[in-house]
Amino acid sequence: MSADPAAVLTVCPDCTRLRQTVQYPARRAQQSPEGAPHPLTRLARHLANRHLDLVPGWFADCDRCVELSTALGQAADRGLLGAGAAQAGAEHRALHLLTASEARVR
C-alpha cells in the first residue's frame, strides 16, 4: 500500500484512534492503563506492523538512526538479527513520520 502517510492516518481506523489518544491528553489518560506504552509509541508500533511501506528509511542526521542501522547491519552480518531488533528500528523510523523536527505530533 503505497500511499500518502497523512491520508492513511485518517483512513485507517486504528491509526485514527491511536492518533487521537496522542493528540488529546484527557482521552489518553482515560484510555491508557497504568504502565501501558506511550500512545505515540503505540502508533509508531502500529505503523511499523501494518503500514511498513509508509515508514521512511534511516535518517543520516539522526544519531539514533545511525546507531540502530549500524547495530542491525552488524547483527545481520553475524546472523544474529532478530525480529525484535528489526521491529525496534522500524518503530524508531515511524517516529520520524509522526513527529516534526520540533518533536511535535504532525
# chains A, B, ... in the order shown; residues from 1 in each chain; ligands from 1
$ residues_around --residues "range 67-83 of chain A" --least-positions-apart "5" --cutoff "12 Å" --atoms "only C-alpha atoms" --output "mmCIF file with N, CA and C atoms, in the first residue's frame"
data_model
loop_
_atom_site.group_PDB
_atom_site.id
_atom_site.type_symbol
_atom_site.label_atom_id
_atom_site.label_comp_id
_atom_site.auth_asym_id
_atom_site.auth_seq_id
_atom_site.Cartn_x
_atom_site.Cartn_y
_atom_site.Cartn_z
ATOM 1 N N ASN A 49 4.013 -2.221 12.026
ATOM 2 C CA ASN A 49 3.403 -3.538 11.815
ATOM 3 C C ASN A 49 2.428 -3.579 10.649
ATOM 4 N N GLY A 57 12.974 5.562 5.475
ATOM 5 C CA GLY A 57 14.246 4.888 5.718
ATOM 6 C C GLY A 57 15.002 5.576 6.844
ATOM 7 N N TRP A 58 16.247 5.165 7.010
ATOM 8 C CA TRP A 58 17.098 5.745 8.044
ATOM 9 C C TRP A 58 17.462 7.186 7.692
ATOM 10 N N PHE A 59 17.574 8.040 8.695
ATOM 11 C CA PHE A 59 17.980 9.430 8.515
ATOM 12 C C PHE A 59 19.442 9.567 8.926
ATOM 13 N N ALA A 60 20.281 10.007 7.993
ATOM 14 C CA ALA A 60 21.719 10.120 8.246
ATOM 15 C C ALA A 60 22.039 11.153 9.326
ATOM 16 N N ASP A 61 21.166 12.142 9.513
ATOM 17 C CA ASP A 61 21.435 13.180 10.505
ATOM 18 C C ASP A 61 20.804 12.887 11.871
ATOM 19 N N CYS A 62 20.263 11.686 12.040
ATOM 20 C CA CYS A 62 19.679 11.272 13.321
ATOM 21 C C CYS A 62 20.642 10.292 13.990
ATOM 22 N N ALA A 88 12.228 -2.748 16.481
ATOM 23 C CA ALA A 88 12.634 -1.509 17.165
ATOM 24 C C ALA A 88 13.112 -0.475 16.156
ATOM 25 N N GLY A 89 13.855 -0.911 15.158
ATOM 26 C CA GLY A 89 14.312 0.010 14.118
ATOM 27 C C GLY A 89 13.162 0.588 13.323
ATOM 28 N N ALA A 90 12.204 -0.255 12.962
ATOM 29 C CA ALA A 90 11.036 0.202 12.199
ATOM 30 C C ALA A 90 10.198 1.181 13.023
ATOM 31 N N GLU A 91 10.048 0.902 14.311
ATOM 32 C CA GLU A 91 9.275 1.800 15.171
ATOM 33 C C GLU A 91 9.978 3.153 15.306
ATOM 34 N N HIS A 92 11.297 3.143 15.433
ATOM 35 C CA HIS A 92 12.022 4.411 15.523
ATOM 36 C C HIS A 92 11.841 5.213 14.239
ATOM 37 N N ARG A 93 11.966 4.554 13.095
ATOM 38 C CA ARG A 93 11.802 5.257 11.821
ATOM 39 C C ARG A 93 10.379 5.778 11.672
#
$ atom_distance --atom1 "CA of Thr21 in chain A" --atom2 "CA of Thr99 in chain A"
14.8 Å
$ closest_residue --among "A:Leu40, A:Ala85, A:Val66, A:Ala94" --to "Val22 in chain A" --atoms "only C-alpha atoms"
A:Leu40
$ select_by_dssp --residues "range 17-90 of chain A" --states "helix (DSSP H, G or I)" --output "ChimeraX atom specification"
/A:17-23,25-31,39-50,52-54,63-77,83-90
$ atom_distance --atom1 "CA of Gln87 in chain A" --atom2 "CA of Ala48 in chain A"
7.1 Å
$ atom_distance --atom1 "CA of Leu95 in chain A" --atom2 "CA of Ala44 in chain A"
5.8 Å
